[in-house]
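What follows is a set of notes on a single structure, which appears directly below.
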Amino acid sequence: MSVSALRLVGLGLAVSALAVSLVACGSDDDSGSGSGGAKKVALLLPESKTTRYEALDRPLFTEALKAACGDCELIYSNADQDAAKQQQQAEAALTQGANVLVLDPVDGKAAAAVVASAKAQSVPVVAYDRFIENANYYVSFENEAVGKLQAQTLVDALKAAGKTSGNIAMINGSPTDPNAADFKKGAHSVLDSSGFKIAAEFDTPDWSPDKAQGWMEGQLSAIKNGLVGVYAANDGTAGGAIAALKGGGVKPLPPVTGQDSELAAIQRIIAGDQAMTIYKAVKPQAEAAAKGAVALANGGKPESTTDKSGVPSTILDPVAVTKDNIKDTVVKDNIYKVADICTAAFAAACTAAGLSSN
């Protein structure tokens with residue numbers, strides 16, 4: 001071998017050694033990515049009609065993932081309430097090399113196929129907000145407690161107004177959402193023995209506010225005279241119900257429940273159009289999901305507080321929000337600033353509610 005050839009071989013060995021050294025250094029510096037290098041985490045949310053997903057869950061999860069794993073890559077998709085589309089998005093994420101799926105399913109039963117597909121590729125699944133059988137980890141709220149809180153707050157409001165009987169219209173969530181069944185069960189456990197009559201009941205396809213409004217409009221001729229309250233499972237359906245009540249000339253508006261603490265709902269509560277909503281602190285939920293996802297992506301186990309159907313779980317507590325505690329919940333936790341809530345249209349109502357300043 002010539003001297004020049006020997007020099008080339010030596011140079012090649014030196015470059016190889018330098019490359020190995022750099023790879024080793026990168027591995028040591030990875031926070032949360034482990035020996036396999038930077039991880040890919042897929043967040044698959046179900047829809048955007050409920051504003052919390054794009055306004056809160058997505059940015060809060062993104063922030064929490066960055067804090068838990070600085071070099072993790074986020075793969076994000078929203079299924080727009082289409083279970084088939086969500087399955088395609090999950091398969092696409094797996095094709096892109098996702099190391100873990102964080103899945104809030106459009107359809108809890110259909111999501112079992114996503115879990116099976118992911119597990120066949122040794123990819124763990126975090127069930128986010130809605131339960132999925134055979135997931136590796138579940139993060140949510142005590143869902144029956146949500147329904148109980150909604151119903152009890154409604155009953156308390158009615159009794160405070162001196163009412164002990166009358167008709168309640170019950171607008172439940174989507175029949176494909178496993179959480180909706182829990183909300184419904186919790187609400188019935190209170191309402192069925194409350195002395196009030198559930199005069200009409202509806203399971204809202206896709207959680208659609210428009211469908212809730214259309215159903216409520218169709219019920220008014222039959223139940224309007226004796227209507228004293230509306231159980232609405234979330235803020236979107238509450239908004240639809242309130243629009244129907246106003247359009248049907250119902251005055252004064254009966255108390256209407258809600259859930260998710262959407263900005264529009266908080267403003268309706270300030271204005272007196274909606275009685276309450278449920279505050280589910282999305283930030284700790286997103287943080288628990290992100291930390292759990294990083295742990296699973298690296299072959300570890302997420303921290304859990306309980307177990308649901310064999311799935312390690314972190315279950316958080318919901319809070320009922322009325323006009324009296326807006327400042328101590330969504331404002332205190334910096335979900336909304338007073339300026340966000342108290343726009344010109346709500347300025348007088350905010351002042352009356354003591355919400356004119358932080």
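Residue numbers start at 1 in each chain; chains themselves are named A, B, ... in the order of the structure tokens; ligands are numbered from 1 in the order shown.
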Using only C-alpha atoms, find each residue of range 240-301 of chain A with at least one atom at most 8 Å away from an atom of range 316-330 of chain A; report its shortest atom-to-atom pair and that distance in Å (one decimal), sort the rows by chain and rising residue number, and return the result as a Markdown table.
| residue | atom | partner | partner_atom | distance |
| --- | --- | --- | --- | --- |
| A:Ser261 | CA | A:Val330 | CA | 7.7 |
| A:Ile266 | CA | A:Ile326 | CA | 7.7 |
| A:Ile269 | CA | A:Lys323 | CA | 6.0 |
| A:Ile270 | CA | A:Lys323 | CA | 5.9 |
| A:Ala275 | CA | A:Thr322 | CA | 6.4 |
| A:Met276 | CA | A:Thr322 | CA | 4.7 |
| A:Thr277 | CA | A:Val321 | CA | 5.3 |
| A:Ile278 | CA | A:Ala320 | CA | 4.7 |
| A:Tyr279 | CA | A:Val319 | CA | 5.1 |
| A:Lys280 | CA | A:Pro318 | CA | 5.1 |
| A:Ala281 | CA | A:Pro318 | CA | 7.4 |
| A:Gln285 | CA | A:Leu316 | CA | 7.5 |
For the selection just defined, write its residues with N, CA, C and O atoms to a file, as an mmCIF file, in the first residue's frame.
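This is the output file result.cif:
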data_model
loop_
_atom_site.group_PDB
_atom_site.id
_atom_site.type_symbol
_atom_site.label_atom_id
_atom_site.label_comp_id
_atom_site.auth_asym_id
_atom_site.auth_seq_id
_atom_site.Cartn_x
_atom_site.Cartn_y
_atom_site.Cartn_z
ATOM 1 N N SER A 261 -65.488 24.787 30.320
ATOM 2 C CA SER A 261 -65.084 26.173 30.608
ATOM 3 C C SER A 261 -64.597 26.907 29.364
ATOM 4 O O SER A 261 -63.580 27.600 29.385
ATOM 5 N N ILE A 266 -68.042 30.914 29.706
ATOM 6 C CA ILE A 266 -67.751 31.786 30.850
ATOM 7 C C ILE A 266 -68.453 33.129 30.668
ATOM 8 O O ILE A 266 -69.020 33.693 31.619
ATOM 9 N N ILE A 269 -72.104 32.708 31.380
ATOM 10 C CA ILE A 269 -72.340 32.631 32.820
ATOM 11 C C ILE A 269 -72.335 34.033 33.427
ATOM 12 O O ILE A 269 -73.204 34.382 34.238
ATOM 13 N N ILE A 270 -71.375 34.850 33.022
ATOM 14 C CA ILE A 270 -71.317 36.239 33.493
ATOM 15 C C ILE A 270 -72.603 36.982 33.133
ATOM 16 O O ILE A 270 -73.155 37.743 33.931
ATOM 17 N N ALA A 275 -75.920 28.673 33.639
ATOM 18 C CA ALA A 275 -75.790 28.620 35.098
ATOM 19 C C ALA A 275 -74.399 28.208 35.543
ATOM 20 O O ALA A 275 -73.890 28.713 36.548
ATOM 21 N N MET A 276 -73.786 27.270 34.827
ATOM 22 C CA MET A 276 -72.501 26.731 35.278
ATOM 23 C C MET A 276 -71.792 26.020 34.145
ATOM 24 O O MET A 276 -72.368 25.743 33.099
ATOM 25 N N THR A 277 -70.529 25.737 34.387
ATOM 26 C CA THR A 277 -69.756 24.868 33.516
ATOM 27 C C THR A 277 -68.844 24.030 34.410
ATOM 28 O O THR A 277 -68.776 24.259 35.622
ATOM 29 N N ILE A 278 -68.203 23.056 33.829
ATOM 30 C CA ILE A 278 -67.231 22.254 34.563
ATOM 31 C C ILE A 278 -65.833 22.666 34.119
ATOM 32 O O ILE A 278 -65.548 22.731 32.926
ATOM 33 N N TYR A 279 -64.997 22.961 35.105
ATOM 34 C CA TYR A 279 -63.606 23.278 34.821
ATOM 35 C C TYR A 279 -62.770 22.033 35.016
ATOM 36 O O TYR A 279 -62.691 21.493 36.122
ATOM 37 N N LYS A 280 -62.194 21.565 33.951
ATOM 38 C CA LYS A 280 -61.249 20.458 34.011
ATOM 39 C C LYS A 280 -59.883 21.062 33.719
ATOM 40 O O LYS A 280 -59.628 21.519 32.604
ATOM 41 N N ALA A 281 -59.047 21.091 34.721
ATOM 42 C CA ALA A 281 -57.756 21.767 34.594
ATOM 43 C C ALA A 281 -56.893 21.042 33.562
ATOM 44 O O ALA A 281 -56.249 20.041 33.867
ATOM 45 N N GLN A 285 -53.515 17.868 33.278
ATOM 46 C CA GLN A 285 -53.837 16.714 32.429
ATOM 47 C C GLN A 285 -52.816 16.587 31.299
ATOM 48 O O GLN A 285 -52.283 15.495 31.049
#
key: Long-range neighbours of Thr51 in chain A as a PyMOL selection string, 10 Å cut-off, only C-alpha atoms, 3 positions minimum in chain   = chain A and resi 47-48+54-57+235-236+260-264
Keeping only N, CA, C and O atoms, take the residues you just selected and write them out as an mmCIF file, in the first residue's frame.
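part-v1.cif was written with the following content:
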data_model
loop_
_atom_site.group_PDB
_atom_site.id
_atom_site.type_symbol
_atom_site.label_atom_id
_atom_site.label_comp_id
_atom_site.auth_asym_id
_atom_site.auth_seq_id
_atom_site.Cartn_x
_atom_site.Cartn_y
_atom_site.Cartn_z
ATOM 1 N N GLU A 47 -61.455 16.466 17.664
ATOM 2 C CA GLU A 47 -62.309 17.398 16.922
ATOM 3 C C GLU A 47 -61.996 18.830 17.324
ATOM 4 O O GLU A 47 -61.244 19.068 18.265
ATOM 5 N N SER A 48 -62.601 19.768 16.607
ATOM 6 C CA SER A 48 -62.349 21.184 16.888
ATOM 7 C C SER A 48 -63.621 21.968 17.167
ATOM 8 O O SER A 48 -63.565 23.150 17.467
ATOM 9 N N GLU A 54 -58.174 22.789 20.511
ATOM 10 C CA GLU A 54 -57.195 23.628 19.817
ATOM 11 C C GLU A 54 -56.725 24.791 20.686
ATOM 12 O O GLU A 54 -55.569 25.208 20.601
ATOM 13 N N ALA A 55 -57.628 25.295 21.529
ATOM 14 C CA ALA A 55 -57.286 26.475 22.333
ATOM 15 C C ALA A 55 -56.469 26.136 23.575
ATOM 16 O O ALA A 55 -55.651 26.946 24.022
ATOM 17 N N LEU A 56 -56.679 24.931 24.128
ATOM 18 C CA LEU A 56 -56.011 24.574 25.381
ATOM 19 C C LEU A 56 -55.168 23.305 25.275
ATOM 20 O O LEU A 56 -53.970 23.326 25.539
ATOM 21 N N ASP A 57 -55.793 22.185 24.922
ATOM 22 C CA ASP A 57 -55.076 20.906 24.963
ATOM 23 C C ASP A 57 -53.834 20.893 24.078
ATOM 24 O O ASP A 57 -52.761 20.464 24.521
ATOM 25 N N ASP A 235 -70.277 22.657 26.941
ATOM 26 C CA ASP A 235 -70.580 24.052 26.626
ATOM 27 C C ASP A 235 -71.093 24.241 25.207
ATOM 28 O O ASP A 235 -71.879 25.148 24.939
ATOM 29 N N GLY A 236 -70.636 23.391 24.283
ATOM 30 C CA GLY A 236 -71.134 23.496 22.913
ATOM 31 C C GLY A 236 -72.616 23.193 22.834
ATOM 32 O O GLY A 236 -73.395 23.939 22.209
ATOM 33 N N ASP A 260 -66.348 22.188 30.192
ATOM 34 C CA ASP A 260 -65.122 22.530 29.457
ATOM 35 C C ASP A 260 -64.663 23.960 29.684
ATOM 36 O O ASP A 260 -63.563 24.325 29.266
ATOM 37 N N SER A 261 -65.488 24.787 30.320
ATOM 38 C CA SER A 261 -65.084 26.173 30.608
ATOM 39 C C SER A 261 -64.597 26.907 29.364
ATOM 40 O O SER A 261 -63.580 27.600 29.385
ATOM 41 N N GLU A 262 -65.330 26.754 28.274
ATOM 42 C CA GLU A 262 -65.018 27.526 27.067
ATOM 43 C C GLU A 262 -65.224 29.014 27.349
ATOM 44 O O GLU A 262 -66.078 29.387 28.167
ATOM 45 N N LEU A 263 -64.466 29.847 26.670
ATOM 46 C CA LEU A 263 -64.561 31.289 26.889
ATOM 47 C C LEU A 263 -65.993 31.785 26.684
ATOM 48 O O LEU A 263 -66.515 32.572 27.489
ATOM 49 N N ALA A 264 -66.652 31.323 25.610
ATOM 50 C CA ALA A 264 -68.028 31.750 25.338
ATOM 51 C C ALA A 264 -68.963 31.344 26.478
ATOM 52 O O ALA A 264 -69.906 32.077 26.813
#
message = Give me, as a ChimeraX atom specification, the residues of range 45-236 of chain A that a backbone DSSP run labels strand (DSSP E or B).
response = /A:45,73-78,100-103,125-128,137-141,167-172,197-203,227-232
Could you write those residues out with N, CA, C and O atoms, as a compact mmCIF listing (two decimals), in the first residue's frame?
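Everything below was put into selection-v7.txt:
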# COMPACT_ATOMS: atom_id res chain seq x y z
N LEU A 45 -55.88 14.44 18.46
CA LEU A 45 -57.07 14.97 19.10
C LEU A 45 -58.31 14.72 18.24
O LEU A 45 -58.21 14.58 17.02
N GLU A 73 -39.87 15.24 19.15
CA GLU A 73 -40.60 15.81 18.01
C GLU A 73 -42.07 15.51 18.16
O GLU A 73 -42.46 14.37 18.42
N LEU A 74 -42.92 16.53 18.01
CA LEU A 74 -44.36 16.35 18.12
C LEU A 74 -44.97 16.16 16.73
O LEU A 74 -44.73 16.96 15.82
N ILE A 75 -45.74 15.11 16.58
CA ILE A 75 -46.54 14.87 15.37
C ILE A 75 -47.99 15.14 15.76
O ILE A 75 -48.53 14.47 16.64
N TYR A 76 -48.63 16.14 15.15
CA TYR A 76 -49.97 16.54 15.60
C TYR A 76 -51.02 16.31 14.51
O TYR A 76 -50.78 16.60 13.34
N SER A 77 -52.20 15.83 14.94
CA SER A 77 -53.33 15.69 14.02
C SER A 77 -54.63 15.93 14.78
O SER A 77 -54.74 15.64 15.96
N ASN A 78 -55.62 16.45 14.06
CA ASN A 78 -56.98 16.59 14.59
C ASN A 78 -57.92 15.90 13.62
O ASN A 78 -57.87 16.14 12.41
N VAL A 100 -44.59 6.82 20.41
CA VAL A 100 -45.73 6.69 21.32
C VAL A 100 -46.89 7.51 20.74
O VAL A 100 -46.66 8.57 20.12
N LEU A 101 -48.11 7.02 20.90
CA LEU A 101 -49.30 7.75 20.48
C LEU A 101 -50.04 8.26 21.71
O LEU A 101 -50.29 7.50 22.65
N VAL A 102 -50.40 9.53 21.70
CA VAL A 102 -51.27 10.10 22.72
C VAL A 102 -52.60 10.35 22.03
O VAL A 102 -52.72 11.27 21.21
N LEU A 103 -53.58 9.52 22.33
CA LEU A 103 -54.81 9.45 21.53
C LEU A 103 -56.04 9.81 22.34
O LEU A 103 -56.36 9.18 23.34
N VAL A 125 -49.52 3.32 23.74
CA VAL A 125 -50.58 4.30 23.52
C VAL A 125 -51.03 4.90 24.86
O VAL A 125 -51.32 4.16 25.81
N VAL A 126 -51.08 6.22 24.91
CA VAL A 126 -51.66 6.93 26.04
C VAL A 126 -53.09 7.32 25.66
O VAL A 126 -53.31 8.02 24.66
N ALA A 127 -54.07 6.85 26.43
CA ALA A 127 -55.46 7.27 26.22
C ALA A 127 -55.64 8.61 26.92
O ALA A 127 -55.52 8.71 28.15
N TYR A 128 -55.90 9.65 26.14
CA TYR A 128 -55.96 11.01 26.66
C TYR A 128 -57.41 11.46 26.74
O TYR A 128 -58.11 11.50 25.72
N TYR A 137 -51.63 3.61 29.19
CA TYR A 137 -51.76 4.63 30.24
C TYR A 137 -52.98 5.46 29.91
O TYR A 137 -53.34 5.65 28.74
N TYR A 138 -53.68 5.93 30.95
CA TYR A 138 -54.91 6.71 30.77
C TYR A 138 -54.85 7.94 31.66
O TYR A 138 -54.55 7.84 32.85
N VAL A 139 -55.11 9.12 31.08
CA VAL A 139 -55.12 10.38 31.82
C VAL A 139 -56.45 11.07 31.58
O VAL A 139 -56.81 11.36 30.42
N SER A 140 -57.20 11.33 32.64
CA SER A 140 -58.49 11.98 32.46
C SER A 140 -58.98 12.52 33.78
O SER A 140 -58.22 12.68 34.74
N PHE A 141 -60.29 12.79 33.82
CA PHE A 141 -60.96 13.27 35.02
C PHE A 141 -61.97 12.23 35.48
O PHE A 141 -62.30 11.32 34.74
N ASN A 167 -90.13 20.29 34.59
CA ASN A 167 -89.49 19.51 33.53
C ASN A 167 -88.03 19.90 33.33
O ASN A 167 -87.68 21.08 33.35
N ILE A 168 -87.22 18.89 33.11
CA ILE A 168 -85.82 19.10 32.73
C ILE A 168 -85.59 18.45 31.38
O ILE A 168 -85.99 17.30 31.15
N ALA A 169 -84.97 19.19 30.47
CA ALA A 169 -84.53 18.63 29.19
C ALA A 169 -83.08 18.19 29.37
O ALA A 169 -82.26 18.94 29.91
N MET A 170 -82.78 16.99 28.92
CA MET A 170 -81.45 16.43 29.14
C MET A 170 -80.75 16.23 27.80
O MET A 170 -81.17 15.41 26.99
N ILE A 171 -79.67 16.99 27.58
CA ILE A 171 -78.90 16.91 26.33
C ILE A 171 -77.55 16.30 26.65
O ILE A 171 -76.66 16.95 27.22
N ASN A 172 -77.40 15.03 26.30
CA ASN A 172 -76.17 14.29 26.60
C ASN A 172 -75.15 14.47 25.49
O ASN A 172 -75.42 15.08 24.46
N LYS A 197 -88.68 16.17 36.77
CA LYS A 197 -88.98 15.17 35.75
C LYS A 197 -88.12 15.38 34.51
O LYS A 197 -88.04 16.50 33.98
N ILE A 198 -87.44 14.32 34.07
CA ILE A 198 -86.73 14.40 32.79
C ILE A 198 -87.77 14.21 31.69
O ILE A 198 -88.20 13.10 31.40
N ALA A 199 -88.19 15.32 31.11
CA ALA A 199 -89.29 15.30 30.16
C ALA A 199 -88.86 14.88 28.77
O ALA A 199 -89.67 14.36 27.98
N ALA A 200 -87.59 15.08 28.44
CA ALA A 200 -87.07 14.71 27.12
C ALA A 200 -85.56 14.55 27.24
O ALA A 200 -84.91 15.25 28.03
N GLU A 201 -85.00 13.63 26.46
CA GLU A 201 -83.57 13.33 26.55
C GLU A 201 -83.02 13.02 25.17
O GLU A 201 -83.69 12.38 24.35
N PHE A 202 -81.78 13.45 24.94
CA PHE A 202 -81.17 13.35 23.61
C PHE A 202 -79.69 13.08 23.74
O PHE A 202 -78.99 13.74 24.52
N ASP A 203 -79.19 12.09 23.00
CA ASP A 203 -77.75 11.86 22.87
C ASP A 203 -77.28 12.58 21.61
O ASP A 203 -77.72 12.23 20.51
N LEU A 227 -90.98 23.77 31.60
CA LEU A 227 -89.52 23.63 31.59
C LEU A 227 -88.89 24.49 32.68
O LEU A 227 -89.08 25.70 32.71
N VAL A 228 -88.11 23.84 33.56
CA VAL A 228 -87.44 24.61 34.62
C VAL A 228 -85.92 24.55 34.53
O VAL A 228 -85.21 25.36 35.15
N GLY A 229 -85.37 23.60 33.75
CA GLY A 229 -83.93 23.50 33.65
C GLY A 229 -83.49 22.66 32.48
O GLY A 229 -84.26 21.85 31.96
N VAL A 230 -82.22 22.86 32.05
CA VAL A 230 -81.64 22.08 30.95
C VAL A 230 -80.30 21.52 31.41
O VAL A 230 -79.41 22.28 31.81
N TYR A 231 -80.20 20.20 31.36
CA TYR A 231 -78.90 19.57 31.57
C TYR A 231 -78.24 19.45 30.20
O TYR A 231 -78.74 18.72 29.33
N ALA A 232 -77.16 20.17 29.99
CA ALA A 232 -76.37 20.06 28.75
C ALA A 232 -75.00 19.54 29.13
O ALA A 232 -74.37 20.05 30.07
message = Based on the backbone DSSP call, show me all residues of range 5-245 of chain A assigned alpha helix (DSSP H), as an MDAnalysis selection string.
response = chainID A and resid 5:29 52 58:68 83:95 111:120 143:160 178:191 209:223 235:245
key: Length of the CA of Leu44 in chain A to CA of Ile132 in chain A vector [Å]   =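 CA of Ile132 in chain A lies at a distance of 13.3 Å from CA of Leu44 in chain A.
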key: Polymer residues at most 9 Å from Asp210 in chain A, only C-alpha atoms, same-chain spacing of 3 or more positions, as a list of chain:residue names   = A:Trp207, A:Gln213, A:Gly214, A:Trp215, A:Gly236, A:Thr237, A:Gly240, A:Ala241
Kindly export the residues of the current selection with N, CA, C and O atoms, as an mmCIF file, in the first residue's frame.
data_model
loop_
_atom_site.group_PDB
_atom_site.id
_atom_site.type_symbol
_atom_site.label_atom_id
_atom_site.label_comp_id
_atom_site.auth_asym_id
_atom_site.auth_seq_id
_atom_site.Cartn_x
_atom_site.Cartn_y
_atom_site.Cartn_z
ATOM 1 N N TRP A 207 -71.274 15.498 19.382
ATOM 2 C CA TRP A 207 -71.271 16.653 20.281
ATOM 3 C C TRP A 207 -71.647 17.942 19.538
ATOM 4 O O TRP A 207 -71.219 19.036 19.911
ATOM 5 N N GLN A 213 -79.098 22.206 19.236
ATOM 6 C CA GLN A 213 -80.041 23.316 19.046
ATOM 7 C C GLN A 213 -81.287 22.843 18.302
ATOM 8 O O GLN A 213 -82.415 23.158 18.705
ATOM 9 N N GLY A 214 -81.082 22.068 17.237
ATOM 10 C CA GLY A 214 -82.218 21.575 16.460
ATOM 11 C C GLY A 214 -83.139 20.700 17.295
ATOM 12 O O GLY A 214 -84.374 20.801 17.201
ATOM 13 N N TRP A 215 -82.547 19.840 18.130
ATOM 14 C CA TRP A 215 -83.365 18.974 18.984
ATOM 15 C C TRP A 215 -84.137 19.805 19.989
ATOM 16 O O TRP A 215 -85.344 19.579 20.197
ATOM 17 N N GLY A 236 -70.636 23.391 24.283
ATOM 18 C CA GLY A 236 -71.134 23.496 22.913
ATOM 19 C C GLY A 236 -72.616 23.193 22.834
ATOM 20 O O GLY A 236 -73.395 23.939 22.209
ATOM 21 N N THR A 237 -73.039 22.094 23.453
ATOM 22 C CA THR A 237 -74.463 21.749 23.445
ATOM 23 C C THR A 237 -75.262 22.747 24.275
ATOM 24 O O THR A 237 -76.420 23.040 23.959
ATOM 25 N N GLY A 240 -75.991 25.632 22.027
ATOM 26 C CA GLY A 240 -77.068 25.290 21.107
ATOM 27 C C GLY A 240 -78.424 25.348 21.786
ATOM 28 O O GLY A 240 -79.403 25.874 21.231
ATOM 29 N N ALA A 241 -78.501 24.817 23.015
ATOM 30 C CA ALA A 241 -79.758 24.826 23.760
ATOM 31 C C ALA A 241 -80.202 26.250 24.073
ATOM 32 O O ALA A 241 -81.384 26.590 23.937
#
message = Between CA of Ala90 in chain A and CA of Val114 in chain A, what is the distance in Å, rounded to a tenth?
response = 6.8 Å
request  = Give me the residues within 6 Å of range 83-86 of chain A as an MDAnalysis selection string, counting only C-alpha atoms and dropping any in the same chain fewer than 4 places off.
outcome  = chainID A and resid 79 106:107
note = What separates CA of Pro209 in chain A and CA of Gly226 in chain A is a distance of 23.5 Å
Got a sec: who's within 8 Å of Leu296 in chain A, counting only C-alpha atoms, leaving out chain neighbours fewer than 4 positions off, as a PDB file with N, CA, C and O atoms, in the first residue's frame?
ATOM      1  N   VAL A 100     -44.594   6.816  20.412  1.00  0.00           N
ATOM      2  CA  VAL A 100     -45.735   6.692  21.318  1.00  0.00           C
ATOM      3  C   VAL A 100     -46.888   7.515  20.738  1.00  0.00           C
ATOM      4  O   VAL A 100     -46.662   8.566  20.123  1.00  0.00           O
ATOM      5  N   PRO A 124     -46.363   2.112  22.311  1.00  0.00           N
ATOM      6  CA  PRO A 124     -47.367   2.253  23.370  1.00  0.00           C
ATOM      7  C   PRO A 124     -48.359   3.378  23.075  1.00  0.00           C
ATOM      8  O   PRO A 124     -48.083   4.278  22.272  1.00  0.00           O
ATOM      9  N   GLY A 292     -46.017  10.972  30.869  1.00  0.00           N
ATOM     10  CA  GLY A 292     -46.272   9.552  30.665  1.00  0.00           C
ATOM     11  C   GLY A 292     -45.837   9.082  29.297  1.00  0.00           C
ATOM     12  O   GLY A 292     -45.270   7.991  29.146  1.00  0.00           O
ATOM     13  N   GLY A 300     -39.992   3.091  29.778  1.00  0.00           N
ATOM     14  CA  GLY A 300     -40.271   3.156  31.211  1.00  0.00           C
ATOM     15  C   GLY A 300     -41.758   3.059  31.505  1.00  0.00           C
ATOM     16  O   GLY A 300     -42.575   2.764  30.627  1.00  0.00           O
ATOM     17  N   LYS A 301     -42.114   3.328  32.762  1.00  0.00           N
ATOM     18  CA  LYS A 301     -43.507   3.299  33.186  1.00  0.00           C
ATOM     19  C   LYS A 301     -43.925   4.685  33.663  1.00  0.00           C
ATOM     20  O   LYS A 301     -43.190   5.325  34.417  1.00  0.00           O
ATOM     21  N   PRO A 302     -45.078   5.154  33.246  1.00  0.00           N
ATOM     22  CA  PRO A 302     -45.537   6.463  33.711  1.00  0.00           C
ATOM     23  C   PRO A 302     -46.009   6.401  35.154  1.00  0.00           C
ATOM     24  O   PRO A 302     -46.436   5.347  35.634  1.00  0.00           O
TER      25      PRO A 302
END
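Nearest-residue note for Pro254 in chain A: choosing from A:Asn143, A:Asn136, A:Gln274, A:Asn234, the minimum distance belongs to A:Gln274, counting only C-alpha atoms.
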query = Hey, what's within 8 Å of Pro178 in chain A if we count only C-alpha atoms and toss same-chain stuff fewer than 6 positions away? As a list in words, please?
reply =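 Within the cut-off, the hits are Asp107, Gly108, Arg130 and Phe131 of chain A.
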key: Nearest to Lys211 in chain A by atom-to-atom distance, counting only C-alpha atoms, from A:Gly248, A:Phe183, A:Ile223, A:Gly173   =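 Answer, going by the shortest atom-to-atom distance: A:Gly173.
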